[in-house]
Amino acid sequence: DLSLHEMPVTSLRSVAAGGPLIIVMNAGAGHSDAEVSRETLGRVFQEARREHEFILLKEGTSLTEATQRAIALARARGGVVVAAGGDGTINGVAQGVLGSGCLFGVLPQGTFNYFGRAHGIPQEDEAAARALLGAAVQEVQVGLVNDRIFLVNGSLGLYPELLEEREAMKSQLGRSRAVAMLAGFRTLLRKQIPQRLTLECDGLTRTVLTPTLFIGNNALQLERLGFAEAAALKRGQLAAVVVRRGGLFSMLTLILRSIVGRLGEAEKVDAFAFHRLTVSSGHKRQFKVATDGETCWLKAPLVFQVAPEPLLLLVPRPEHQAEIV
């Protein structure tokens with residue numbers, strides 16, 4: 001059988017326009033009530049007479065298993081796998097979809113939604129559903145660190161610690177941008193242990209002492225932080241951000257710069273574009289890594305690169321695109 005990458009454009013358009021929508025939905029993303037959200041999405045699809053099925057992620061449900069079930073249904077019925085949730089859920093579903101031969105759709109429901117926003121996908125359920133119904137197919141670059149993908153960013157060091165702090169605070173205070181910011185300040189106060197990393201890129205090797213290494217694959221996020229390297233993503237590259245070691249005041253200053261979109265101008269921040277970056281650290285056997293807001297442990301060395309094939313994403317047509325804010 002032909003994969004979708006090998007199918008004629010007319011066949012891809014047919015699947016995008018009329019194929020069943022198999023929706024993996026995070027029941028707890030952002031502030032959305034899962035039942036209300038599902039009813040809204042279902043109503044839009046039903047009014048459009050578009051075949052659809054929800055696979056809900058509830059407590060104890062494996063995202064991997066739900067995704068594999070969705071892929072199997074999409075393959076059998078000539079449909080589209082759709083992720084409804086925040087960047088972490090979207091990443092988890094995309095991890096399975098990449099290379100599966102399925103088209104990929106997104107209904108953003110998280111707090112930051114950088115992936116959806118970067119592609120003009122509306123943040124409101126009804127608007128996102130209507131945009132999905134008339135969407136076009138677009139190839140989208142995927143970042144890869146060892147065997148894990150990232151659509152927005154990958155990182156190690158302080159940033160994964162911040163994400164874990166944020167999740168702990170979210171369980172007490174709820175999910176919001178204010179909680180994310182508070183988690184950042186608390187992480188700086190508690191943990192600032194720089195790592196000595198060896199970076200190999202384009203035949204050159206250098207050693208850096210840094211509290212965090214950040215790899216960007218989302219032009220919108222990089223632009224909002226003030227990095228000119230955002231343009232490199234259009235050339236099939238990724239962007240690395242290395243924060244040099246500094247005291248608490250220095251790190252707080254960097255956070256404030258990130259808020260106003262001027263982090264890229266900071267003296268203690270180095271950024272560069274690359275095709276392949278290998279990261280190691282002495283005899284260290286594994287790293288704690290964050291990919292699109294989810295943390296895990298990966299074996300050393302870490303290899304960051306662009307995945308050999310893109311996602312086939314359904315993106316809104318111009319008249320349905322949301323304004324990027």
# chains A, B, ... in the order shown; residues from 1 in each chain; ligands from 1
call {"tool": "closest_atom_pairs", "arguments": {"of": "stretch 9-90 of chain A", "to": "stretch 113-126 of chain A", "cutoff": "10 Å", "atoms": "only C-alpha atoms", "output": "JSON lines"}}
result
{"residue": "A:Gly30", "atom": "CA", "partner": "A:Asn113", "partner_atom": "CA", "distance": 9.8}
{"residue": "A:Ser32", "atom": "CA", "partner": "A:Asp125", "partner_atom": "CA", "distance": 9.3}
{"residue": "A:Val36", "atom": "CA", "partner": "A:Asp125", "partner_atom": "CA", "distance": 9.7}
{"residue": "A:Ser37", "atom": "CA", "partner": "A:Asp125", "partner_atom": "CA", "distance": 6.6}
{"residue": "A:Arg38", "atom": "CA", "partner": "A:Asp125", "partner_atom": "CA", "distance": 8.8}
{"residue": "A:Glu39", "atom": "CA", "partner": "A:Asp125", "partner_atom": "CA", "distance": 9.8}
{"residue": "A:Thr40", "atom": "CA", "partner": "A:Glu126", "partner_atom": "CA", "distance": 6.3}
{"residue": "A:Leu41", "atom": "CA", "partner": "A:Glu126", "partner_atom": "CA", "distance": 6.2}
{"residue": "A:Gly42", "atom": "CA", "partner": "A:Glu126", "partner_atom": "CA", "distance": 9.5}
{"residue": "A:Arg43", "atom": "CA", "partner": "A:Glu126", "partner_atom": "CA", "distance": 8.8}
{"residue": "A:Val44", "atom": "CA", "partner": "A:Glu126", "partner_atom": "CA", "distance": 6.8}
{"residue": "A:Phe45", "atom": "CA", "partner": "A:Glu126", "partner_atom": "CA", "distance": 9.6}
{"residue": "A:Ala84", "atom": "CA", "partner": "A:Asp125", "partner_atom": "CA", "distance": 9.4}
{"residue": "A:Gly85", "atom": "CA", "partner": "A:Asn113", "partner_atom": "CA", "distance": 8.7}
{"residue": "A:Gly86", "atom": "CA", "partner": "A:Asn113", "partner_atom": "CA", "distance": 6.0}
{"residue": "A:Asp87", "atom": "CA", "partner": "A:Asn113", "partner_atom": "CA", "distance": 5.7}
{"residue": "A:Gly88", "atom": "CA", "partner": "A:Asn113", "partner_atom": "CA", "distance": 9.4}
{"residue": "A:Ile90", "atom": "CA", "partner": "A:Phe115", "partner_atom": "CA", "distance": 8.4}
call {"tool": "write_last_selection", "arguments": {"atoms": "N, CA and C atoms", "output": "PDB file, in the first residue's frame"}}
result
ATOM      1  N   GLY A  30      -5.906  22.282  29.955  1.00  0.00           N
ATOM      2  CA  GLY A  30      -6.269  23.668  30.206  1.00  0.00           C
ATOM      3  C   GLY A  30      -7.443  23.796  31.145  1.00  0.00           C
ATOM      4  N   SER A  32     -10.639  23.754  29.986  1.00  0.00           N
ATOM      5  CA  SER A  32     -11.818  23.261  29.291  1.00  0.00           C
ATOM      6  C   SER A  32     -12.457  22.118  30.049  1.00  0.00           C
ATOM      7  N   VAL A  36     -18.202  19.312  27.942  1.00  0.00           N
ATOM      8  CA  VAL A  36     -18.706  20.447  27.173  1.00  0.00           C
ATOM      9  C   VAL A  36     -17.932  20.577  25.867  1.00  0.00           C
ATOM     10  N   SER A  37     -16.618  20.410  25.960  1.00  0.00           N
ATOM     11  CA  SER A  37     -15.766  20.515  24.776  1.00  0.00           C
ATOM     12  C   SER A  37     -16.122  19.433  23.762  1.00  0.00           C
ATOM     13  N   ARG A  38     -16.290  18.224  24.245  1.00  0.00           N
ATOM     14  CA  ARG A  38     -16.625  17.127  23.335  1.00  0.00           C
ATOM     15  C   ARG A  38     -17.986  17.365  22.677  1.00  0.00           C
ATOM     16  N   GLU A  39     -18.951  17.862  23.444  1.00  0.00           N
ATOM     17  CA  GLU A  39     -20.275  18.142  22.886  1.00  0.00           C
ATOM     18  C   GLU A  39     -20.206  19.224  21.804  1.00  0.00           C
ATOM     19  N   THR A  40     -19.391  20.253  22.058  1.00  0.00           N
ATOM     20  CA  THR A  40     -19.249  21.339  21.073  1.00  0.00           C
ATOM     21  C   THR A  40     -18.622  20.821  19.786  1.00  0.00           C
ATOM     22  N   LEU A  41     -17.535  20.088  19.922  1.00  0.00           N
ATOM     23  CA  LEU A  41     -16.858  19.539  18.743  1.00  0.00           C
ATOM     24  C   LEU A  41     -17.769  18.578  17.996  1.00  0.00           C
ATOM     25  N   GLY A  42     -18.418  17.700  18.755  1.00  0.00           N
ATOM     26  CA  GLY A  42     -19.305  16.721  18.146  1.00  0.00           C
ATOM     27  C   GLY A  42     -20.447  17.368  17.389  1.00  0.00           C
ATOM     28  N   ARG A  43     -21.010  18.438  17.951  1.00  0.00           N
ATOM     29  CA  ARG A  43     -22.109  19.143  17.289  1.00  0.00           C
ATOM     30  C   ARG A  43     -21.667  19.718  15.944  1.00  0.00           C
ATOM     31  N   VAL A  44     -20.472  20.346  15.919  1.00  0.00           N
ATOM     32  CA  VAL A  44     -19.969  20.933  14.674  1.00  0.00           C
ATOM     33  C   VAL A  44     -19.762  19.855  13.618  1.00  0.00           C
ATOM     34  N   PHE A  45     -19.154  18.745  14.011  1.00  0.00           N
ATOM     35  CA  PHE A  45     -18.887  17.677  13.050  1.00  0.00           C
ATOM     36  C   PHE A  45     -20.187  17.025  12.576  1.00  0.00           C
ATOM     37  N   ALA A  84      -6.612  16.402  20.450  1.00  0.00           N
ATOM     38  CA  ALA A  84      -7.307  17.489  21.123  1.00  0.00           C
ATOM     39  C   ALA A  84      -6.721  17.627  22.525  1.00  0.00           C
ATOM     40  N   GLY A  85      -5.961  18.712  22.746  1.00  0.00           N
ATOM     41  CA  GLY A  85      -5.318  18.895  24.042  1.00  0.00           C
ATOM     42  C   GLY A  85      -4.237  19.945  23.963  1.00  0.00           C
ATOM     43  N   GLY A  86      -3.379  19.981  24.970  1.00  0.00           N
ATOM     44  CA  GLY A  86      -2.276  20.922  24.995  1.00  0.00           C
ATOM     45  C   GLY A  86      -1.079  20.405  24.214  1.00  0.00           C
ATOM     46  N   ASP A  87       0.032  21.164  24.255  1.00  0.00           N
ATOM     47  CA  ASP A  87       1.222  20.793  23.486  1.00  0.00           C
ATOM     48  C   ASP A  87       1.734  19.398  23.845  1.00  0.00           C
ATOM     49  N   GLY A  88       1.625  19.008  25.122  1.00  0.00           N
ATOM     50  CA  GLY A  88       2.094  17.680  25.530  1.00  0.00           C
ATOM     51  C   GLY A  88       1.278  16.568  24.900  1.00  0.00           C
ATOM     52  N   ILE A  90      -0.581  16.857  22.155  1.00  0.00           N
ATOM     53  CA  ILE A  90      -0.334  16.926  20.711  1.00  0.00           C
ATOM     54  C   ILE A  90       0.971  16.223  20.374  1.00  0.00           C
TER      55      ILE A  90
END
call {"tool": "residues_around", "arguments": {"residues": "stretch 69-83 of chain A", "least_positions_apart": "6", "cutoff": "6 Å", "atoms": "only C-alpha atoms", "output": "JSON, numbers by chain"}}
result
{"A": [19, 20, 21, 22, 23, 24, 90, 103, 104, 105, 106]}
call {"tool": "residues_around", "arguments": {"residues": "stretch 204-209 of chain A", "least_positions_apart": "3", "cutoff": "10 Å", "atoms": "only C-alpha atoms", "output": "VMD selection string"}}
result
chain A and resid 193 to 201 212 to 213 242 to 245 277 to 281
call {"tool": "write_last_selection", "arguments": {"atoms": "N, CA, C and O atoms", "output": "mmCIF file, in the first residue's frame"}}
result
data_model
loop_
_atom_site.group_PDB
_atom_site.id
_atom_site.type_symbol
_atom_site.label_atom_id
_atom_site.label_comp_id
_atom_site.auth_asym_id
_atom_site.auth_seq_id
_atom_site.Cartn_x
_atom_site.Cartn_y
_atom_site.Cartn_z
ATOM 1 N N ILE A 193 21.946 24.259 39.230
ATOM 2 C CA ILE A 193 23.162 23.452 39.142
ATOM 3 C C ILE A 193 23.602 23.403 37.680
ATOM 4 O O ILE A 193 22.971 22.736 36.855
ATOM 5 N N PRO A 194 24.647 24.128 37.310
ATOM 6 C CA PRO A 194 25.093 24.132 35.903
ATOM 7 C C PRO A 194 25.671 22.774 35.498
ATOM 8 O O PRO A 194 26.230 22.043 36.321
ATOM 9 N N GLN A 195 25.522 22.439 34.251
ATOM 10 C CA GLN A 195 26.076 21.197 33.712
ATOM 11 C C GLN A 195 27.194 21.528 32.727
ATOM 12 O O GLN A 195 27.091 22.485 31.966
ATOM 13 N N ARG A 196 28.240 20.714 32.751
ATOM 14 C CA ARG A 196 29.316 20.857 31.775
ATOM 15 C C ARG A 196 28.980 19.966 30.583
ATOM 16 O O ARG A 196 29.024 18.731 30.678
ATOM 17 N N LEU A 197 28.626 20.584 29.484
ATOM 18 C CA LEU A 197 28.184 19.854 28.309
ATOM 19 C C LEU A 197 29.183 19.993 27.172
ATOM 20 O O LEU A 197 29.753 21.075 26.963
ATOM 21 N N THR A 198 29.357 18.921 26.434
ATOM 22 C CA THR A 198 30.162 18.948 25.210
ATOM 23 C C THR A 198 29.210 18.944 24.027
ATOM 24 O O THR A 198 28.386 18.039 23.881
ATOM 25 N N LEU A 199 29.320 19.973 23.197
ATOM 26 C CA LEU A 199 28.442 20.132 22.045
ATOM 27 C C LEU A 199 29.228 19.891 20.764
ATOM 28 O O LEU A 199 30.254 20.528 20.525
ATOM 29 N N GLU A 200 28.761 18.960 19.950
ATOM 30 C CA GLU A 200 29.380 18.682 18.655
ATOM 31 C C GLU A 200 28.404 19.070 17.558
ATOM 32 O O GLU A 200 27.290 18.561 17.497
ATOM 33 N N CYS A 201 28.840 19.989 16.696
ATOM 34 C CA CYS A 201 27.948 20.503 15.659
ATOM 35 C C CYS A 201 28.752 20.909 14.432
ATOM 36 O O CYS A 201 29.725 21.677 14.546
ATOM 37 N N THR A 212 21.087 25.438 31.546
ATOM 38 C CA THR A 212 20.063 24.867 30.679
ATOM 39 C C THR A 212 20.427 25.010 29.204
ATOM 40 O O THR A 212 21.037 25.999 28.791
ATOM 41 N N LEU A 213 20.041 24.001 28.433
ATOM 42 C CA LEU A 213 20.179 24.011 26.974
ATOM 43 C C LEU A 213 18.789 23.856 26.392
ATOM 44 O O LEU A 213 18.049 22.930 26.749
ATOM 45 N N VAL A 242 21.863 28.515 24.429
ATOM 46 C CA VAL A 242 22.704 28.142 25.562
ATOM 47 C C VAL A 242 22.752 29.318 26.534
ATOM 48 O O VAL A 242 23.161 30.420 26.163
ATOM 49 N N VAL A 243 22.327 29.071 27.761
ATOM 50 C CA VAL A 243 22.373 30.103 28.797
ATOM 51 C C VAL A 243 23.659 29.931 29.598
ATOM 52 O O VAL A 243 23.916 28.865 30.148
ATOM 53 N N ARG A 244 24.465 30.977 29.631
ATOM 54 C CA ARG A 244 25.714 30.891 30.380
ATOM 55 C C ARG A 244 25.460 30.986 31.879
ATOM 56 O O ARG A 244 24.481 31.600 32.310
ATOM 57 N N ARG A 245 26.348 30.402 32.639
ATOM 58 C CA ARG A 245 26.201 30.358 34.084
ATOM 59 C C ARG A 245 26.134 31.779 34.664
ATOM 60 O O ARG A 245 26.853 32.675 34.253
ATOM 61 N N LEU A 277 23.020 18.221 16.223
ATOM 62 C CA LEU A 277 23.777 18.608 17.411
ATOM 63 C C LEU A 277 23.850 17.420 18.357
ATOM 64 O O LEU A 277 22.822 16.854 18.747
ATOM 65 N N THR A 278 25.075 17.033 18.725
ATOM 66 C CA THR A 278 25.284 15.933 19.669
ATOM 67 C C THR A 278 25.715 16.505 21.008
ATOM 68 O O THR A 278 26.620 17.334 21.075
ATOM 69 N N VAL A 279 25.052 16.066 22.071
ATOM 70 C CA VAL A 279 25.306 16.584 23.418
ATOM 71 C C VAL A 279 25.734 15.441 24.329
ATOM 72 O O VAL A 279 25.057 14.417 24.426
ATOM 73 N N SER A 280 26.875 15.632 24.997
ATOM 74 C CA SER A 280 27.351 14.639 25.962
ATOM 75 C C SER A 280 27.903 15.369 27.177
ATOM 76 O O SER A 280 28.069 16.585 27.174
ATOM 77 N N SER A 281 28.196 14.607 28.233
ATOM 78 C CA SER A 281 28.705 15.210 29.468
ATOM 79 C C SER A 281 29.524 14.188 30.229
ATOM 80 O O SER A 281 29.002 13.452 31.082
#
call {"tool": "residues_around", "arguments": {"residues": "A:Ala16", "least_positions_apart": "2", "cutoff": "8 Å", "atoms": "only C-alpha atoms", "output": "list of chain:residue names"}}
result
A:Leu12, A:Arg13, A:Ser14, A:Gly18, A:Gly19, A:Gly79, A:Val80, A:Leu103, A:Leu133, A:Gly134, A:Ala135, A:Ala136, A:Val137, A:Leu314
call {"tool": "closest_atom_pairs", "arguments": {"of": "stretch 201-224 of chain A", "to": "stretch 291-300 of chain A", "cutoff": "10 Å", "atoms": "only C-alpha atoms", "output": "Markdown table"}}
result
| residue | atom | partner | partner_atom | distance |
| --- | --- | --- | --- | --- |
| A:Ile215 | CA | A:Thr291 | CA | 9.4 |
| A:Gly216 | CA | A:Asp292 | CA | 10.0 |
| A:Asn217 | CA | A:Asp292 | CA | 9.9 |
call {"tool": "atom_distance", "arguments": {"atom1": "atom CA of A:Asp202", "atom2": "atom CA of A:Val145"}}
result
16.7 Å
